[in-house]
file final_33.pdb (PDB, C-alpha atoms)
ATOM      1  CA  ARG V  10      86.610 -32.089  54.882
ATOM      2  CA  GLU V  11      84.405 -28.979  54.869
ATOM      3  CA  TYR V  12      87.221 -26.941  53.337
ATOM      4  CA  GLU V  13      87.955 -29.525  50.640
ATOM      5  CA  GLU V  14      84.268 -29.811  49.745
ATOM      6  CA  ARG V  15      84.105 -26.059  49.140
ATOM      7  CA  ARG V  16      87.448 -25.572  47.414
ATOM      8  CA  GLY V  17      88.696 -28.880  46.063
ATOM      9  CA  ARG V  18      91.244 -31.357  47.293
ATOM     10  CA  VAL V  19      94.957 -30.723  46.895
ATOM     11  CA  HIS V  20      97.554 -33.408  47.559
ATOM     12  CA  GLN V  21     100.945 -32.942  49.178
ATOM     13  CA  ASP V  22     102.789 -33.376  45.898
ATOM     14  CA  ASP V  23     100.605 -30.813  44.061
ATOM     15  CA  GLU V  24     102.080 -27.434  43.125
ATOM     16  CA  LEU V  25      99.255 -25.766  45.074
ATOM     17  CA  TRP V  26     100.029 -27.532  48.377
ATOM     18  CA  GLU V  27     101.806 -24.637  50.122
ATOM     19  CA  PRO V  28      99.380 -21.819  49.235
ATOM     20  CA  TRP V  29      96.442 -24.169  49.805
ATOM     21  CA  SER V  30      97.737 -25.034  53.276
ATOM     22  CA  ALA V  31      98.202 -21.353  54.161
ATOM     23  CA  ALA V  32      94.700 -20.588  52.865
ATOM     24  CA  PHE V  33      93.294 -23.455  54.958
ATOM     25  CA  VAL V  34      94.874 -22.144  58.163
ATOM     26  CA  GLU V  35      93.540 -18.639  57.483
ATOM     27  CA  TRP V  36      90.077 -20.001  56.725
ATOM     28  CA  TYR V  37      90.065 -22.210  59.826
ATOM     29  CA  VAL V  38      91.122 -19.400  62.171
ATOM     30  CA  VAL V  39      89.391 -16.420  60.553
ATOM     31  CA  GLU V  40      86.249 -17.681  58.787
ATOM     32  CA  ARG V  41      85.202 -21.105  60.005
ATOM     33  CA  VAL V  42      82.449 -20.809  62.561
ATOM     34  CA  GLY V  43      83.249 -22.973  65.548
ATOM     35  CA  PRO V  44      81.039 -24.530  68.226
ATOM     36  CA  GLY V  45      80.501 -21.141  69.903
ATOM     37  CA  GLY V  46      79.026 -19.704  66.701
ATOM     38  CA  VAL V  47      82.044 -17.489  65.942
ATOM     39  CA  PRO V  48      85.453 -17.968  64.312
ATOM     40  CA  PRO V  49      88.374 -18.960  66.585
ATOM     41  CA  ALA V  50      90.139 -15.633  65.948
ATOM     42  CA  LEU V  51      87.164 -13.732  67.352
ATOM     43  CA  VAL V  52      87.120 -15.924  70.472
ATOM     44  CA  THR V  53      90.831 -15.228  70.927
ATOM     45  CA  ALA V  54      90.375 -11.481  70.377
ATOM     46  CA  ARG V  55      87.643 -11.377  73.034
ATOM     47  CA  GLU V  56      89.806 -13.288  75.507
ATOM     48  CA  MET V  57      92.747 -10.978  74.817
ATOM     49  CA  ARG V  58      90.571  -7.877  75.234
ATOM     50  CA  ASP V  59      89.172  -9.212  78.524
ATOM     51  CA  ALA V  60      92.765  -9.778  79.706
ATOM     52  CA  GLY V  61      93.715  -6.222  78.724
ATOM     53  CA  ASP V  62      96.022  -7.354  75.914
ATOM     54  CA  ALA V  63      96.478  -4.448  73.472
ATOM     55  CA  ARG V  64      97.063  -6.880  70.600
ATOM     56  CA  ALA V  65      93.360  -7.836  70.626
ATOM     57  CA  ASP V  66      92.679  -5.188  67.961
ATOM     58  CA  LEU V  67      95.213  -6.811  65.640
ATOM     59  CA  VAL V  68      93.499 -10.174  66.003
ATOM     60  CA  THR V  69      90.117  -8.523  65.425
ATOM     61  CA  SER V  70      91.494  -7.039  62.200
ATOM     62  CA  LEU V  71      91.897 -10.585  60.874
ATOM     63  CA  VAL V  72      88.218 -11.293  61.486
ATOM     64  CA  THR V  73      87.229  -8.134  59.634
ATOM     65  CA  SER V  74      89.692  -8.766  56.787
ATOM     66  CA  HIS V  75      88.653  -8.858  53.138
ATOM     67  CA  ARG V  76      89.194 -12.017  51.062
ATOM     68  CA  SER V  77      88.538 -11.732  47.361
ATOM     69  CA  LEU V  78      89.923 -12.190  43.868
ATOM     70  CA  PHE V  79      92.269  -9.370  42.928
ATOM     71  CA  GLU V  80      94.294  -8.248  39.954
ATOM     72  CA  VAL V  81      97.649  -6.556  40.528
ATOM     73  CA  THR V  82      97.439  -3.201  38.717
ATOM     74  CA  ALA V  83     100.668  -1.483  39.795
ATOM     75  CA  MET V  84     103.802  -2.209  41.793
ATOM     76  CA  LYS V  85     105.769   0.566  43.435
ATOM     77  CA  PRO V  86     108.438   0.403  46.136
ATOM     78  CA  GLY V  87     106.636  -0.372  49.389
ATOM     79  CA  ARG V  88     103.202  -0.439  47.752
ATOM     80  CA  ILE V  89     101.175  -2.785  45.562
ATOM     81  CA  GLU V  90      97.969  -1.591  43.908
ATOM     82  CA  VAL V  91      95.180  -4.092  43.333
ATOM     83  CA  ILE V  92      91.606  -4.084  42.083
ATOM     84  CA  ASP V  93      88.946  -6.313  43.594
ATOM     85  CA  LEU V  94      87.591  -8.277  40.633
ATOM     86  CA  LEU V  95      84.355  -9.060  42.480
ATOM     87  CA  GLY V  96      83.522  -5.618  43.792
ATOM     88  CA  GLY V  97      85.647  -3.159  41.833
ATOM     89  CA  ALA V  98      87.399  -1.501  44.775
ATOM     90  CA  GLU V  99      90.891  -0.206  44.061
ATOM     91  CA  LEU V 100      93.207  -0.686  47.024
ATOM     92  CA  HIS V 101      96.752   0.242  47.927
ATOM     93  CA  VAL V 102      98.546  -2.410  49.960
ATOM     94  CA  VAL V 103     101.609  -1.618  52.041
ATOM     95  CA  GLU V 104     104.223  -4.253  51.221
ATOM     96  CA  GLN V 105     107.889  -3.895  52.085
ATOM     97  CA  ARG V 106     108.871  -7.359  50.870
ATOM     98  CA  ALA V 107     109.936  -7.949  47.300
ATOM     99  CA  LEU V 108     107.266 -10.238  45.881
ATOM    100  CA  HIS V 109     109.424 -12.325  43.567
ATOM    101  CA  GLY V 110     107.596 -13.498  40.476
ATOM    102  CA  VAL V 111     104.606 -11.194  41.015
ATOM    103  CA  GLU V 112     103.801  -8.970  38.042
ATOM    104  CA  VAL V 113     101.218  -6.416  37.007
ATOM    105  CA  GLY V 114      98.256  -8.325  35.599
ATOM    106  CA  ASP V 115      98.549 -11.263  37.987
ATOM    107  CA  VAL V 116      95.232 -12.550  39.343
ATOM    108  CA  ALA V 117      95.141 -14.002  42.837
ATOM    109  CA  GLU V 118      92.917 -14.847  45.732
ATOM    110  CA  LEU V 119      94.179 -12.633  48.528
ATOM    111  CA  ARG V 120      93.214 -11.651  52.041
ATOM    112  CA  LEU V 121      93.678  -7.966  52.805
ATOM    113  CA  VAL V 122      93.951  -6.952  56.434
ATOM    114  CA  GLY V 123      93.452  -3.401  57.651
ATOM    115  CA  ALA V 124      95.375  -2.616  60.813
ATOM    116  CA  ARG V 125      96.799   0.545  62.311
ATOM    117  CA  GLY V 126      95.703   2.648  59.355
ATOM    118  CA  GLU V 127      97.297   0.452  56.685
ATOM    119  CA  VAL V 128      96.154  -2.334  54.401
ATOM    120  CA  ARG V 129      98.442  -5.365  54.312
ATOM    121  CA  PHE V 130      98.393  -8.806  52.721
ATOM    122  CA  GLY V 131      97.357 -11.865  54.689
ATOM    123  CA  ARG V 132      99.207 -15.132  54.123
ATOM    124  CA  THR V 133      96.921 -16.434  51.375
ATOM    125  CA  PHE V 134      98.253 -15.986  47.851
ATOM    126  CA  VAL V 135      96.508 -18.411  45.501
ATOM    127  CA  TYR V 136      97.462 -17.359  41.978
ATOM    128  CA  HIS V 137      95.314 -17.983  38.939
ATOM    129  CA  PRO V 138      96.632 -18.056  35.359
ATOM    130  CA  LYS V 139      96.778 -14.564  33.829
ATOM    131  CA  ALA V 140      95.318 -15.906  30.616
ATOM    132  CA  ALA V 141      92.169 -16.920  32.509
ATOM    133  CA  ARG V 142      91.429 -13.424  33.872
ATOM    134  CA  ASN V 143      88.488 -12.710  31.558
ATOM    135  CA  ALA V 144      86.962 -16.145  32.086
ATOM    136  CA  ILE V 145      87.322 -15.706  35.868
ATOM    137  CA  VAL V 146      85.623 -12.305  35.749
ATOM    138  CA  GLU V 147      82.794 -13.602  33.527
ATOM    139  CA  ARG V 148      82.157 -16.663  35.716
ATOM    140  CA  SER V 149      82.300 -14.533  38.888
ATOM    141  CA  ARG V 150      79.862 -11.933  37.555
ATOM    142  CA  ALA V 151      77.450 -14.630  36.376
ATOM    143  CA  MET V 152      77.510 -16.332  39.785
ATOM    144  CA  LEU V 153      77.006 -13.037  41.657
ATOM    145  CA  ALA V 154      74.123 -12.124  39.331
ATOM    146  CA  LYS V 155      72.439 -15.432  40.222
ATOM    147  CA  GLY V 156      72.719 -14.631  43.934
ATOM    148  CA  SER V 157      75.868 -16.542  44.891
ATOM    149  CA  SER V 158      77.794 -15.147  47.832
ATOM    150  CA  ARG V 159      81.278 -13.720  47.359
ATOM    151  CA  ARG V 160      82.604 -16.636  49.404
ATOM    152  CA  ASP V 161      80.888 -19.139  47.082
ATOM    153  CA  VAL V 162      82.375 -17.393  44.045
ATOM    154  CA  ILE V 163      85.895 -17.342  45.495
ATOM    155  CA  ASP V 164      85.658 -20.994  46.507
ATOM    156  CA  GLN V 165      84.352 -22.146  43.117
ATOM    157  CA  ILE V 166      87.113 -20.226  41.352
ATOM    158  CA  ALA V 167      89.552 -21.956  43.716
ATOM    159  CA  GLN V 168      88.084 -25.334  42.700
ATOM    160  CA  LEU V 169      88.723 -24.416  39.089
ATOM    161  CA  ARG V 170      92.322 -23.499  39.943
ATOM    162  CA  VAL V 171      92.758 -27.041  41.233
ATOM    163  CA  GLN V 172      91.270 -28.360  37.980
ATOM    164  CA  VAL V 173      93.837 -26.389  35.959
ATOM    165  CA  THR V 174      96.515 -28.640  37.477
ATOM    166  CA  ARG V 175      94.490 -31.736  36.539
ATOM    167  CA  TYR V 176      93.641 -30.678  32.976
ATOM    168  CA  ARG V 177      97.087 -29.683  31.737
ATOM    169  CA  HIS V 178      96.109 -30.603  28.183
ATOM    170  CA  MET V 179      93.508 -27.817  28.185
ATOM    171  CA  ALA V 180      94.089 -24.055  28.091
ATOM    172  CA  PRO V 181      93.577 -22.658  31.617
ATOM    173  CA  SER V 182      91.011 -20.128  30.393
ATOM    174  CA  ARG V 183      88.953 -23.004  28.980
ATOM    175  CA  VAL V 184      88.935 -24.756  32.375
ATOM    176  CA  TYR V 185      87.456 -21.616  33.973
ATOM    177  CA  GLU V 186      84.968 -21.224  31.103
ATOM    178  CA  LEU V 187      83.711 -24.812  31.450
ATOM    179  CA  GLY V 188      83.493 -24.525  35.223
ATOM    180  CA  SER V 189      81.268 -27.042  36.973
ATOM    181  CA  ARG V 190      80.921 -29.126  33.808
ATOM    182  CA  ILE V 191      84.435 -30.522  34.383
ATOM    183  CA  MET V 192      84.279 -30.781  38.179
ATOM    184  CA  GLY V 193      83.128 -34.234  39.145
TER
END

call {"tool": "encode", "arguments": {"input": "final_33.pdb", "output": "structure tokens"}}
result
Amino acid sequence: REYEERRGRVHQDDELWEPWSAAFVEWYVVERVGPGGVPPALVTAREMRDAGDARADLVTSLVTSHRSLFEVTAMKPGRIEVIDLLGGAELHVVEQRALHGVEVGDVAELRLVGARGEVRFGRTFVYHPKAARNAIVERSRAMLAKGSSRRDVIDQIAQLRVQVTRYRHMAPSRVYELGSRIMG
């Protein structure tokens, strides 16, 4: 319920169901603060470290990962270049898989994980319409200027992505421009 309140509700027959489900699992394990005051991944990393498990650092890298809105700026064999639309950082992501359907100019909510000297993608890939890029950037900058947290910005943009599927009669960029005025 907490996740849906922040990001919008997606149903099993929605086109966003798979990426939304992956994003939920990441959020639940990496970001959601549990009863102990820390995310489950951090609890697990501590337990692994106490047990002498060398993989504890990999789990810790999830907790220190970076979730944001990114634009794909270049694609090279084994490497994808992205720019953080909220902070401006340009990053090079190691990616050996062929990302079918991904193109330069795509805008997506991504989690980047730094481990063993490399930056890699997490499981979350929530794509936003390319045509809405400018509206997304404008809305994000306005929210940040008013003191919203990066997490709040990302989650509101995610809510608008859900609305794009509901307002098919409207240009996607217009949905992002209207923002909270169309979210009930």

call {"tool": "atom_distance", "arguments": {"input": "final_33.pdb", "atom1": "atom CA of Gly87 of chain V", "atom2": "atom CA of Gly126 of chain V"}}
result
15.1 Å

call {"tool": "residues_around", "arguments": {"input": "final_33.pdb", "residues": "segment 129-141 of chain V", "least_positions_apart": "5", "cutoff": "6 Å", "atoms": "only C-alpha atoms", "output": "list of chain:residue names"}}
result
V:Pro28, V:Ala31, V:Ala32, V:Val102, V:Val103, V:Asp115, V:Val116, V:Ala117, V:Glu118, V:Leu119, V:Arg120, V:Leu121, V:Val122, V:Pro181, V:Ser182

call {"tool": "write_last_selection", "arguments": {"input": "final_33.pdb", "atoms": "C-alpha atoms", "output": "CSV table (one decimal), in the coordinates of the input"}}
result
chain,number,residue,atom,x,y,z
V,28,PRO,CA,99.4,-21.8,49.2
V,31,ALA,CA,98.2,-21.4,54.2
V,32,ALA,CA,94.7,-20.6,52.9
V,102,VAL,CA,98.5,-2.4,50.0
V,103,VAL,CA,101.6,-1.6,52.0
V,115,ASP,CA,98.5,-11.3,38.0
V,116,VAL,CA,95.2,-12.6,39.3
V,117,ALA,CA,95.1,-14.0,42.8
V,118,GLU,CA,92.9,-14.8,45.7
V,119,LEU,CA,94.2,-12.6,48.5
V,120,ARG,CA,93.2,-11.7,52.0
V,121,LEU,CA,93.7,-8.0,52.8
V,122,VAL,CA,94.0,-7.0,56.4
V,181,PRO,CA,93.6,-22.7,31.6
V,182,SER,CA,91.0,-20.1,30.4

call {"tool": "residues_around", "arguments": {"input": "final_33.pdb", "residues": "Ala124 of chain V", "least_positions_apart": "5", "cutoff": "10 Å", "atoms": "only C-alpha atoms", "output": "list in words"}}
result
Asp66, Leu67, Val68, Thr69, Ser70, Leu71, Thr73, Ser74 and Arg129 of chain V

call {"tool": "residues_around", "arguments": {"input": "final_33.pdb", "residues": "segment 13-27 of chain V", "least_positions_apart": "5", "cutoff": "8 Å", "atoms": "all atoms listed in the file", "output": "list in words"}}
result
Val135, Asp161, Asp164, Gln165, Ala167, Gln168 and Val171 of chain V

call {"tool": "resolve_selection", "arguments": {"input": "final_33.pdb", "expression": "the PyMOL selection byres ((chain V and resi 186) around 9)", "output": "PyMOL selection string"}}
result
chain V and resi 141+144-145+147-148+181-185+187-188

call {"tool": "axis_aligned_box", "arguments": {"input": "final_33.pdb", "around": "segment 101-120 of chain V", "padding_each_side": "5 Å", "output": "JSON"}}
result
{"center_x": 101.4, "center_y": -7.3, "center_z": 43.8, "size_x": 27.0, "size_y": 25.1, "size_z": 26.5}

call {"tool": "atom_distance", "arguments": {"input": "final_33.pdb", "atom1": "atom CA of Gln105 of chain V", "atom2": "atom CA of Ile89 of chain V"}}
result
9.4 Å

call {"tool": "closest_residue", "arguments": {"input": "final_33.pdb", "among": "V:Glu127, V:Asp93, V:Glu11, V:Glu112", "to": "Tyr37 of chain V", "atoms": "all atoms listed in the file"}}
result
V:Glu11
